[in-house]
Every structure is written in C-alpha cells, then in structure tokens.
$ cat protein-v5.pdb   # PDB, C-alpha atoms, pLDDT in the B column
ATOM      1  CA  MET A   1      -2.766   7.825   6.555  1.00 56.00           C
ATOM      2  CA  SER A   2      -6.557   7.518   6.411  1.00 67.00           C
ATOM      3  CA  ILE A   3      -6.592   9.231   3.025  1.00 71.00           C
ATOM      4  CA  ASP A   4      -4.058   6.751   1.631  1.00 77.00           C
ATOM      5  CA  ILE A   5      -6.105   3.791   2.886  1.00 84.00           C
ATOM      6  CA  ASP A   6      -9.289   5.256   1.388  1.00 87.00           C
ATOM      7  CA  ASP A   7      -7.541   5.876  -1.948  1.00 87.00           C
ATOM      8  CA  VAL A   8      -6.221   2.305  -2.017  1.00 89.00           C
ATOM      9  CA  GLU A   9      -9.689   0.954  -1.289  1.00 90.00           C
ATOM     10  CA  VAL A  10     -11.251   3.027  -4.078  1.00 90.00           C
ATOM     11  CA  GLU A  11      -8.637   1.911  -6.629  1.00 90.00           C
ATOM     12  CA  ILE A  12      -8.884  -1.767  -5.656  1.00 90.00           C
ATOM     13  CA  GLN A  13     -12.664  -1.697  -6.073  1.00 93.00           C
ATOM     14  CA  LYS A  14     -12.336  -0.499  -9.671  1.00 93.00           C
ATOM     15  CA  PRO A  15     -12.202  -3.054 -12.480  1.00 93.00           C
ATOM     16  CA  GLU A  16      -8.585  -4.052 -13.128  1.00 90.00           C
ATOM     17  CA  LYS A  17      -8.428  -2.217 -16.471  1.00 92.00           C
ATOM     18  CA  GLU A  18      -9.538   1.059 -14.848  1.00 94.00           C
ATOM     19  CA  ARG A  19      -7.079   1.051 -11.937  1.00 92.00           C
ATOM     20  CA  ASN A  20      -4.476   3.779 -11.779  1.00 92.00           C
ATOM     21  CA  LEU A  21      -1.484   1.578 -10.947  1.00 92.00           C
ATOM     22  CA  PRO A  22       1.035   4.419 -10.491  1.00 93.00           C
ATOM     23  CA  LYS A  23      -1.320   6.108  -8.011  1.00 90.00           C
ATOM     24  CA  LEU A  24      -2.023   2.805  -6.279  1.00 91.00           C
ATOM     25  CA  LYS A  25       1.693   2.033  -6.007  1.00 91.00           C
ATOM     26  CA  LYS A  26       2.373   5.506  -4.582  1.00 90.00           C
ATOM     27  CA  ARG A  27      -0.343   5.083  -1.935  1.00 90.00           C
ATOM     28  CA  LEU A  28       0.817   1.571  -0.999  1.00 90.00           C
ATOM     29  CA  LEU A  29       4.412   2.781  -0.689  1.00 88.00           C
ATOM     30  CA  ALA A  30       3.270   5.652   1.531  1.00 87.00           C
ATOM     31  CA  LEU A  31       1.395   3.230   3.782  1.00 86.00           C
ATOM     32  CA  LEU A  32       4.307   0.812   3.874  1.00 85.00           C
ATOM     33  CA  THR A  33       6.789   3.571   4.680  1.00 83.00           C
ATOM     34  CA  ALA A  34       4.604   4.906   7.481  1.00 81.00           C
ATOM     35  CA  ALA A  35       4.156   1.419   8.901  1.00 78.00           C
ATOM     36  CA  THR A  36       7.871   0.638   8.871  1.00 77.00           C
ATOM     37  CA  LEU A  37       8.782   3.953  10.503  1.00 76.00           C
ATOM     38  CA  ILE A  38       6.490   3.332  13.456  1.00 73.00           C
ATOM     39  CA  ALA A  39       6.587  -0.476  13.561  1.00 65.00           C
ATOM     40  CA  GLY A  40       8.782  -0.665  16.642  1.00 63.00           C
ATOM     41  CA  PRO A  41       6.791   1.301  19.204  1.00 65.00           C
ATOM     42  CA  ILE A  42       3.300   0.341  18.042  1.00 67.00           C
ATOM     43  CA  ALA A  43       2.160  -3.263  18.277  1.00 64.00           C
ATOM     44  CA  GLY A  44       0.467  -4.562  15.159  1.00 69.00           C
ATOM     45  CA  MET A  45       2.279  -2.302  12.694  1.00 73.00           C
ATOM     46  CA  THR A  46       4.408  -5.180  11.455  1.00 76.00           C
ATOM     47  CA  ASP A  47       1.209  -7.029  10.550  1.00 81.00           C
ATOM     48  CA  PHE A  48      -0.095  -3.879   8.873  1.00 81.00           C
ATOM     49  CA  ALA A  49       3.109  -3.550   6.831  1.00 81.00           C
ATOM     50  CA  ASN A  50       2.875  -7.213   5.855  1.00 84.00           C
ATOM     51  CA  ASN A  51      -0.738  -6.697   4.762  1.00 87.00           C
ATOM     52  CA  VAL A  52       0.278  -3.740   2.589  1.00 87.00           C
ATOM     53  CA  MET A  53       3.010  -5.878   0.987  1.00 88.00           C
ATOM     54  CA  GLU A  54       0.486  -8.662   0.372  1.00 91.00           C
ATOM     55  CA  ILE A  55      -1.937  -6.257  -1.321  1.00 90.00           C
ATOM     56  CA  GLY A  56       0.879  -5.056  -3.565  1.00 90.00           C
ATOM     57  CA  ASN A  57       1.818  -8.628  -4.442  1.00 91.00           C
ATOM     58  CA  LYS A  58      -1.780  -9.545  -5.287  1.00 91.00           C
ATOM     59  CA  LEU A  59      -1.990  -6.512  -7.584  1.00 90.00           C
ATOM     60  CA  ASN A  60       1.411  -7.280  -9.162  1.00 90.00           C
ATOM     61  CA  ILE A  61       2.886  -4.065  -7.762  1.00 89.00           C
ATOM     62  CA  GLU A  62       6.457  -4.364  -6.569  1.00 86.00           C
ATOM     63  CA  LEU A  63       6.964  -2.540  -3.285  1.00 84.00           C
ATOM     64  CA  LYS A  64      10.423  -2.050  -1.857  1.00 77.00           C
ATOM     65  CA  LEU A  65      11.007  -1.072   1.741  1.00 66.00           C
ATOM     66  CA  LEU A  66      12.980   2.095   2.255  1.00 58.00           C
ATOM     67  CA  SER A  67      15.958   1.610   4.503  1.00 53.00           C
ATOM     68  CA  GLY A  68      16.474   4.144   7.238  1.00 49.00           C
ATOM     69  CA  LYS A  69      20.160   3.307   7.371  1.00 42.00           C
TER      70      LYS A  69
END
$ encode --input "protein-v5.pdb" --output "structure tokens"
Amino acid sequence: MSIDIDDVEVEIQKPEKERNLPKLKKRLLALLTAATLIAGPIAGMTDFANNVMEIGNKLNIELKLLSGK
C-alpha cells in the first residue's frame, strides 16, 4: 500500500496537465479497496477511505466502492 500512496503523491504534485489520470484513478481505487476490506478491524481505516474518496473528488476522479456482497 505504501507504493500506491507514494504514486498518488507523485501524480498529485505534477501540474494538472501532466497528471496520468488513469494511473491516478487505479492507485486511488487500490487504496480505497484496501481500506474498505480492512475497515472493520482497524480503527481509523474509515477515515482513510473517506480521505481517499475526497482526494478523488478534488481531482474529478469518480471512485466507486467495490461491494463484497
């Protein structure tokens, strides 16, 4: 998960025109999926998932939660 966070940080720091939005969306979805899978047993993961969603919203990237059901 550290690699995904680092990749997101690198892409966000680029000027908007140089960002690789498909790559950024893929990394954000990976982080969001990981956070939702472990949200129950680990305190703070819900906040982490919400932060990932907020980053996506600010970058105009639609992120949809995967349902485990």
$ residues_around --input "protein-v5.pdb" --residues "Asn60 in chain A" --least-positions-apart "2" --cutoff "12 Å" --atoms "all atoms listed in the file" --output "list in words"
Glu16, Leu21, Pro22, Leu24, Lys25, Met53, Glu54, Ile55, Gly56, Asn57, Lys58, Glu62 and Leu63 of chain A
$ residues_around --input "protein-v5.pdb" --residues "Arg19 in chain A" --least-positions-apart "5" --cutoff "12 Å" --atoms "all atoms listed in the file" --output "PyMOL selection string"
chain A and resi 7-14+24-25+59+61
$ write_last_selection --input "protein-v5.pdb" --atoms "C-alpha atoms" --output "PDB file, keeping the file's coordinate frame"
ATOM      1  CA  ASP A   7      -7.541   5.876  -1.948  1.00 87.00           C
ATOM      2  CA  VAL A   8      -6.221   2.305  -2.017  1.00 89.00           C
ATOM      3  CA  GLU A   9      -9.689   0.954  -1.289  1.00 90.00           C
ATOM      4  CA  VAL A  10     -11.251   3.027  -4.078  1.00 90.00           C
ATOM      5  CA  GLU A  11      -8.637   1.911  -6.629  1.00 90.00           C
ATOM      6  CA  ILE A  12      -8.884  -1.767  -5.656  1.00 90.00           C
ATOM      7  CA  GLN A  13     -12.664  -1.697  -6.073  1.00 93.00           C
ATOM      8  CA  LYS A  14     -12.336  -0.499  -9.671  1.00 93.00           C
ATOM      9  CA  LEU A  24      -2.023   2.805  -6.279  1.00 91.00           C
ATOM     10  CA  LYS A  25       1.693   2.033  -6.007  1.00 91.00           C
ATOM     11  CA  LEU A  59      -1.990  -6.512  -7.584  1.00 90.00           C
ATOM     12  CA  ILE A  61       2.886  -4.065  -7.762  1.00 89.00           C
TER      13      ILE A  61
END
$ atom_distance --input "protein-v5.pdb" --atom1 "CA of Asp4 in chain A" --atom2 "CA of Ala30 in chain A"
7.4 Å
$ resolve_selection --input "protein-v5.pdb" --expression "the PyMOL selection byres ((chain A and resi 48) around 12)" --output "list in words"
Ile5, Leu28, Leu31, Leu32, Thr33, Ala34, Ala35, Thr36, Leu37, Ile38, Ala39, Ile42, Ala43, Gly44, Met45, Thr46, Asp47, Ala49, Asn50, Asn51, Val52, Met53, Glu54 and Ile55 of chain A
$ axis_aligned_box --input "protein-v5.pdb" --around "range 56-60 of chain A" --padding-each-side "6 Å" --output "JSON"
{"center_x": -0.1, "center_y": -7.3, "center_z": -6.4, "size_x": 15.8, "size_y": 16.5, "size_z": 17.6}
